[in-house]
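Notes to accompany the following structure.
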Amino acid sequence: MKPLSKLVESVPGSPTTLMMQKGRELAAQGLDVINLAGGEPDFDTPKHIQQAAFDAIAAGDTHYPPPFGKPELLDAICAKLERENNVQAVPEQLLVTPGGKWAIYTALAALLNEGDEVMVLDPAWVSYAPMVRLNLGVAVHVPLPADDSFRVRAAQLEEYVSEKTKLIMVCSPSNPTGRVLTQPELDDIAAVAQRNDLYVLSDEIYEHILYDGARHRSIASMPGMAERTIIINGFSKNYAMTGWRLAWVAAPLPVAKLARTYQTQTVTSAASFAMVAGAAALNGPQECVHEMVASYAQRRNFVLEALDEIPGIRSSPIEGAFYLFAEFTQTEMKSLDVSQRLLEDGLIASTPGIAFGEAGEGYVRFSFATGMTDLEKTVERLARIVPTL
Ligand SMILES: Cc1ncc(COP(=O)(O)O)c(C=O)c1O
């Protein structure tokens, strides 16, 4: 048989998806596994959003939708960008996609030529670098310093810029670190992008999940940034809609045009009735979001306080998103081995820090978007296992 794709063979499968699957398999064997590996709200999609989709299906909205997004959803996204992000966009700048992952992938496809370099700020979400590679780009890992709370600084970014650099990928609130970029950090990224004529891909998928007064600002709203920023946002996290596969790209017109072409030759569109639900989410009451965030905040506080009592494990500050990115401070073990031990001895499925790049070594990521009972059990099990590592 002839060899298969060398390109696809060269990228790993998503470690979070694989770990989540492993946890599910153990649970199916009847084991009391706590699955904290994925990034999935434990809430069901709010009722009024579900109802909008039921109504759409009942009314026969089951045909091919407009490929780039239904007009009512595009209008709702434009209004949301203006209202919440101070970003002005026309519908032609938007592309509704089946999920945030595809939004990022499509944007990269529109932006990259072979060999273009993309700066990925490590620890970074597991799929950025593989997606760059699949689009024939080269991911350049910028290791953010753990001892400086993974802060971004212009001088460090400049060290990694070359003739071939095309794009900086940022994620705020961050998966996995929980950091929210501050204004000085945004200023630094914007300055480096403008000095070197770079695009910025701003992944804002956790934008509403913020704690202790942290504020999200889209870098696209800063002077001179709209024409070089591609915003990625979606419904999975903010509205507990992971299974609906619904997100969007908001980009400068030329980028949006190519991303739209790419979509017509690949997935065609997101699902028709999911788009109706998306419009209901953006246009409807936002209390559901506030309630979910309030609940994450309680769990975050519980986890942070509980971890303070366990020597050998230390949390990074959690300003947004729903991850605990914990450092294992008293062991020489690699994060992969720590994660493995937690699964074998504690039946806790987690994601090893190394999955987020070299800068994540020594850390393990746990999602706390899960019930309090599971979090209480997690803390008990960690208290038992961490001293033995
Ligand atoms: C940082 C980040 N971006 C994008 C996504 C993709 O979201 P979706 O589930 O909508 O594909 C995720 C999902 O985990 C994420 O954590």
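Every chain in the structure tokens takes a letter, A first, then B, and so on in the order presented; its residues are numbered from 1, and the ligands are numbered from 1 following the presented order.
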
Which neighbours of range 267-281 of chain A fall inside 6 Å, counting only C-alpha atoms, when residues of the same chain fewer than 6 positions from it are skipped, and could you give them as an mmCIF file with C-alpha atoms, in the first residue's frame?
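result14.cif written:
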```cif
data_model
loop_
_atom_site.group_PDB
_atom_site.id
_atom_site.type_symbol
_atom_site.label_atom_id
_atom_site.label_comp_id
_atom_site.auth_asym_id
_atom_site.auth_seq_id
_atom_site.Cartn_x
_atom_site.Cartn_y
_atom_site.Cartn_z
ATOM 1 C CA ILE A 49 -31.942 28.571 23.396
ATOM 2 C CA ALA A 52 -35.501 28.270 19.544
ATOM 3 C CA ALA A 53 -33.917 25.257 17.836
ATOM 4 C CA ALA A 56 -36.945 26.060 13.967
ATOM 5 C CA PRO A 65 -28.734 27.441 5.321
ATOM 6 C CA PRO A 67 -23.255 29.039 3.918
ATOM 7 C CA LEU A 73 -27.356 35.457 13.267
ATOM 8 C CA ALA A 76 -26.895 39.448 16.058
ATOM 9 C CA THR A 97 -18.645 27.962 11.460
ATOM 10 C CA PRO A 98 -19.366 24.541 12.932
#
```

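Residues of range 19-96 of chain A assigned to strand (DSSP E or B) by DSSP on this structure's backbone: A:Ile34, A:Asn35, A:Leu94, A:Leu95, A:Val96.
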
Site check for ligand 1: residues at most 7 Å away, only C-alpha atoms and all ligand atoms, as a list of chain:residue names =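 Written in the requested form, the residues are A:Gly39, A:Gly99, A:Gly100, A:Lys101, A:Trp102, A:Trp125, A:Cys171, A:Ser174, A:Asn175, A:Asp203, A:Ile205, A:Gly234, A:Phe235, A:Ser236, A:Thr242, A:Arg245, A:Leu246, A:Ala247.
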
Near-Val249 in chain A list (7 Å; only C-alpha atoms; drop same-chain fewer than 4 positions) as a count of residues only = 8

Which is closest to Ala256 in chain A among A:Glu84, A:Glu319, A:Asp345, A:Glu92, if we use only C-alpha atoms?
->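 Of the candidates, the smallest distance to Ala256 in chain A is held by A:Glu92.
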
For Ala107 in chain A, which residue among A:Gly353, A:Pro254, A:Pro15, A:Pro173 is the nearest when counting only C-alpha atoms?
->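 That would be A:Pro254, the residue with the smallest distance to Ala107 in chain A.
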
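Candidate residues A:Phe366, A:Tyr160, A:Tyr323, A:Phe356 were compared for distance to Ala129 in chain A, and the nearest is A:Phe356, using only C-alpha atoms.
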
Minimum-distance residue to Val386 in chain A, chosen among A:Gly284, A:Pro130, A:Gly346, A:Gly312 (using only C-alpha atoms) |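 Closest to Val386 in chain A, using only C-alpha atoms: A:Gly312.
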
Using DSSP on the backbone, list every residue of range 308-382 of chain A that comes out as helix (DSSP H, G or I), and give them as a PyMOL selection string.
-> chain A and resi 308+335-346+353-356+358-360+372-382

Please, could you write that set of residues out with N, CA and C atoms as a PDB file, in the first residue's frame?
```pdb
ATOM      1  N   ASP A 308      -4.766  25.313  48.608  1.00  0.00           N
ATOM      2  CA  ASP A 308      -3.864  25.988  49.544  1.00  0.00           C
ATOM      3  C   ASP A 308      -3.453  25.076  50.691  1.00  0.00           C
ATOM      4  N   SER A 335       5.004  16.001  33.682  1.00  0.00           N
ATOM      5  CA  SER A 335       3.552  16.203  33.805  1.00  0.00           C
ATOM      6  C   SER A 335       2.756  15.021  33.236  1.00  0.00           C
ATOM      7  N   LEU A 336       3.312  14.401  32.193  1.00  0.00           N
ATOM      8  CA  LEU A 336       2.625  13.251  31.605  1.00  0.00           C
ATOM      9  C   LEU A 336       2.506  12.120  32.626  1.00  0.00           C
ATOM     10  N   ASP A 337       3.593  11.913  33.378  1.00  0.00           N
ATOM     11  CA  ASP A 337       3.594  10.844  34.383  1.00  0.00           C
ATOM     12  C   ASP A 337       2.686  11.204  35.565  1.00  0.00           C
ATOM     13  N   VAL A 338       2.687  12.503  35.924  1.00  0.00           N
ATOM     14  CA  VAL A 338       1.810  12.923  37.024  1.00  0.00           C
ATOM     15  C   VAL A 338       0.351  12.661  36.633  1.00  0.00           C
ATOM     16  N   SER A 339       0.018  13.071  35.411  1.00  0.00           N
ATOM     17  CA  SER A 339      -1.354  12.883  34.928  1.00  0.00           C
ATOM     18  C   SER A 339      -1.733  11.400  34.917  1.00  0.00           C
ATOM     19  N   GLN A 340      -0.780  10.592  34.489  1.00  0.00           N
ATOM     20  CA  GLN A 340      -1.008   9.144  34.425  1.00  0.00           C
ATOM     21  C   GLN A 340      -1.244   8.576  35.825  1.00  0.00           C
ATOM     22  N   ARG A 341      -0.411   9.019  36.797  1.00  0.00           N
ATOM     23  CA  ARG A 341      -0.560   8.554  38.186  1.00  0.00           C
ATOM     24  C   ARG A 341      -1.904   8.977  38.769  1.00  0.00           C
ATOM     25  N   LEU A 342      -2.304  10.222  38.436  1.00  0.00           N
ATOM     26  CA  LEU A 342      -3.587  10.702  38.961  1.00  0.00           C
ATOM     27  C   LEU A 342      -4.738   9.860  38.421  1.00  0.00           C
ATOM     28  N   LEU A 343      -4.564   9.391  37.184  1.00  0.00           N
ATOM     29  CA  LEU A 343      -5.611   8.552  36.606  1.00  0.00           C
ATOM     30  C   LEU A 343      -5.596   7.161  37.236  1.00  0.00           C
ATOM     31  N   GLU A 344      -4.386   6.598  37.358  1.00  0.00           N
ATOM     32  CA  GLU A 344      -4.295   5.218  37.868  1.00  0.00           C
ATOM     33  C   GLU A 344      -4.628   5.138  39.359  1.00  0.00           C
ATOM     34  N   ASP A 345      -4.046   6.049  40.142  1.00  0.00           N
ATOM     35  CA  ASP A 345      -4.199   5.947  41.601  1.00  0.00           C
ATOM     36  C   ASP A 345      -5.404   6.726  42.121  1.00  0.00           C
ATOM     37  N   GLY A 346      -5.822   7.761  41.369  1.00  0.00           N
ATOM     38  CA  GLY A 346      -6.883   8.607  41.908  1.00  0.00           C
ATOM     39  C   GLY A 346      -8.127   8.638  41.043  1.00  0.00           C
ATOM     40  N   GLY A 353       0.491  19.232  31.539  1.00  0.00           N
ATOM     41  CA  GLY A 353       0.898  20.559  31.083  1.00  0.00           C
ATOM     42  C   GLY A 353       1.700  20.536  29.794  1.00  0.00           C
ATOM     43  N   ILE A 354       2.452  19.491  29.563  1.00  0.00           N
ATOM     44  CA  ILE A 354       3.306  19.423  28.369  1.00  0.00           C
ATOM     45  C   ILE A 354       2.455  19.472  27.099  1.00  0.00           C
ATOM     46  N   ALA A 355       1.181  19.070  27.209  1.00  0.00           N
ATOM     47  CA  ALA A 355       0.288  19.140  26.033  1.00  0.00           C
ATOM     48  C   ALA A 355       0.105  20.582  25.565  1.00  0.00           C
ATOM     49  N   PHE A 356       0.428  21.548  26.449  1.00  0.00           N
ATOM     50  CA  PHE A 356       0.257  22.963  26.098  1.00  0.00           C
ATOM     51  C   PHE A 356       1.601  23.600  25.732  1.00  0.00           C
ATOM     52  N   GLU A 358       6.193  23.244  25.931  1.00  0.00           N
ATOM     53  CA  GLU A 358       7.264  23.061  26.923  1.00  0.00           C
ATOM     54  C   GLU A 358       7.049  23.937  28.160  1.00  0.00           C
ATOM     55  N   ALA A 359       6.497  25.140  27.938  1.00  0.00           N
ATOM     56  CA  ALA A 359       6.309  26.061  29.067  1.00  0.00           C
ATOM     57  C   ALA A 359       5.278  25.522  30.064  1.00  0.00           C
ATOM     58  N   GLY A 360       4.531  24.499  29.658  1.00  0.00           N
ATOM     59  CA  GLY A 360       3.528  23.924  30.562  1.00  0.00           C
ATOM     60  C   GLY A 360       4.054  22.727  31.340  1.00  0.00           C
ATOM     61  N   MET A 372     -19.876  20.069  42.216  1.00  0.00           N
ATOM     62  CA  MET A 372     -19.108  20.241  43.457  1.00  0.00           C
ATOM     63  C   MET A 372     -18.713  18.902  44.085  1.00  0.00           C
ATOM     64  N   THR A 373     -19.601  17.903  43.965  1.00  0.00           N
ATOM     65  CA  THR A 373     -19.278  16.615  44.585  1.00  0.00           C
ATOM     66  C   THR A 373     -17.996  16.058  43.960  1.00  0.00           C
ATOM     67  N   ASP A 374     -17.905  16.158  42.650  1.00  0.00           N
ATOM     68  CA  ASP A 374     -16.699  15.678  41.970  1.00  0.00           C
ATOM     69  C   ASP A 374     -15.472  16.491  42.381  1.00  0.00           C
ATOM     70  N   LEU A 375     -15.678  17.786  42.561  1.00  0.00           N
ATOM     71  CA  LEU A 375     -14.526  18.622  42.944  1.00  0.00           C
ATOM     72  C   LEU A 375     -14.081  18.283  44.372  1.00  0.00           C
ATOM     73  N   GLU A 376     -15.048  18.011  45.240  1.00  0.00           N
ATOM     74  CA  GLU A 376     -14.685  17.630  46.615  1.00  0.00           C
ATOM     75  C   GLU A 376     -13.896  16.328  46.597  1.00  0.00           C
ATOM     76  N   LYS A 377     -14.363  15.387  45.795  1.00  0.00           N
ATOM     77  CA  LYS A 377     -13.643  14.096  45.699  1.00  0.00           C
ATOM     78  C   LYS A 377     -12.250  14.305  45.113  1.00  0.00           C
ATOM     79  N   THR A 378     -12.160  15.209  44.133  1.00  0.00           N
ATOM     80  CA  THR A 378     -10.855  15.472  43.500  1.00  0.00           C
ATOM     81  C   THR A 378      -9.864  15.965  44.539  1.00  0.00           C
ATOM     82  N   VAL A 379     -10.331  16.906  45.360  1.00  0.00           N
ATOM     83  CA  VAL A 379      -9.445  17.489  46.360  1.00  0.00           C
ATOM     84  C   VAL A 379      -8.993  16.408  47.353  1.00  0.00           C
ATOM     85  N   GLU A 380      -9.927  15.563  47.772  1.00  0.00           N
ATOM     86  CA  GLU A 380      -9.567  14.479  48.708  1.00  0.00           C
ATOM     87  C   GLU A 380      -8.505  13.565  48.092  1.00  0.00           C
ATOM     88  N   ARG A 381      -8.743  13.231  46.821  1.00  0.00           N
ATOM     89  CA  ARG A 381      -7.796  12.307  46.162  1.00  0.00           C
ATOM     90  C   ARG A 381      -6.434  12.971  45.953  1.00  0.00           C
ATOM     91  N   LEU A 382      -6.457  14.266  45.600  1.00  0.00           N
ATOM     92  CA  LEU A 382      -5.169  14.963  45.423  1.00  0.00           C
ATOM     93  C   LEU A 382      -4.413  15.016  46.743  1.00  0.00           C
TER      94      LEU A 382
END
```
